[in-house]
Amino acid sequence: MKTRKDFEKVYERLREIMIPFANDLDLKSDVPGSMYIDTNHIMQNKKPLFFGAVRINKRYVSYHLMPIYVNPALLKNVSAELKKRMQGKSCLNFTERDEDLFAELTLLTRAGYEYYRHKGYV
């Protein structure tokens with residue numbers, strides 16, 4: 001069974017993927033085990049548009065990427081291996097480091113950011 005320490009290593013690597021986008025967005029929270037990023041775009045409900053988050057949970061580390069919910073076409077060229085990690089429409093779960101999947105996730109996160117930028121959300 002994976003330990004909290006194992007998940008911390010996964011979390012740190014996933015955080016490394018998402019944190020570069022915080023410079024142009026609104027980093028709401030960045031504490032050990034949890035990072036949350038909104039955009040500065042305010043929606044009709046008067047709340048900011050969510051970009052992404054990384055969080056250690058009890059059995060996995062979750063990587064939330066809202067642009068893939070807003071624009072599912074971003075998933076068109078994603079590998080079956082990465083899609084297997086999906087839970088719901090915008091969350092991917094990991095229990096261990098996988099640099100091949102993380103490289104793909106880095107490209108997907110960049111594509112999501114670029115989509116948001118193109119739409120004027122960034």
# chains A, B, ... in the order shown; residues from 1 in each chain; ligands from 1

$ residues_around --residues "region 17-26 of chain A" --least-positions-apart "2" --cutoff "12 Å" --atoms "only C-alpha atoms" --output "PyMOL selection string"
chain A and resi 10-15+28-30+34-42+48-55+63-65+99+101-114+116-117+121-122

$ select_by_dssp --residues "region 32-116 of chain A" --states "helix (DSSP H, G or I)" --output "VMD selection string"
chain A and resid 67 to 70 72 to 75 80 to 83 99 to 116

$ write_last_selection --atoms "C-alpha atoms" --output "CSV table (one decimal), in the first residue's frame"
chain,number,residue,atom,x,y,z
A,67,PRO,CA,-10.0,23.4,-19.4
A,68,ILE,CA,-10.6,19.8,-20.4
A,69,TYR,CA,-14.1,20.1,-19.0
A,70,VAL,CA,-14.7,23.4,-20.7
A,72,PRO,CA,-13.3,18.2,-24.2
A,73,ALA,CA,-11.7,18.4,-27.6
A,74,LEU,CA,-8.4,19.0,-25.8
A,75,LEU,CA,-8.5,15.2,-24.9
A,80,ALA,CA,-5.5,5.7,-23.6
A,81,GLU,CA,-3.1,5.4,-20.6
A,82,LEU,CA,-3.7,8.9,-19.5
A,83,LYS,CA,-7.4,8.7,-20.1
A,99,GLU,CA,7.3,10.4,-16.3
A,100,ASP,CA,5.8,9.4,-19.7
A,101,LEU,CA,2.3,10.3,-18.5
A,102,PHE,CA,3.6,13.4,-16.7
A,103,ALA,CA,5.2,14.6,-20.0
A,104,GLU,CA,1.9,14.1,-21.7
A,105,LEU,CA,0.0,15.8,-18.9
A,106,THR,CA,2.4,18.8,-19.2
A,107,LEU,CA,1.5,19.2,-22.8
A,108,LEU,CA,-2.2,18.9,-22.0
A,109,THR,CA,-1.9,21.5,-19.3
A,110,ARG,CA,-0.2,23.9,-21.7
A,111,ALA,CA,-2.9,23.2,-24.3
A,112,GLY,CA,-5.6,24.0,-21.7
A,113,TYR,CA,-3.8,27.2,-20.7
A,114,GLU,CA,-3.5,28.2,-24.3
A,115,TYR,CA,-7.2,27.5,-24.9
A,116,TYR,CA,-8.2,29.7,-21.9

$ atom_distance --atom1 "CA of Lys119 (chain A)" --atom2 "CA of Gln44 (chain A)"
15.4 Å

$ atom_distance --atom1 "CA of Phe94 (chain A)" --atom2 "CA of Glu16 (chain A)"
14.5 Å

$ residues_around --residues "Ile56 (chain A)" --least-positions-apart "3" --cutoff "9 Å" --atoms "only C-alpha atoms" --output "number ranges by chain"
A: 4, 7-8, 10-11, 32-34, 59-62

$ select_by_dssp --residues "chain A" --states "strand (DSSP E)" --output "ChimeraX atom specification"
/A:26-31,34-42,48-56,61-65,86-87,91-94

$ closest_residue --among "A:Met66, A:Met43, A:Arg85, A:Gly120" --to "Asp98 (chain A)" --atoms "only C-alpha atoms"
A:Arg85
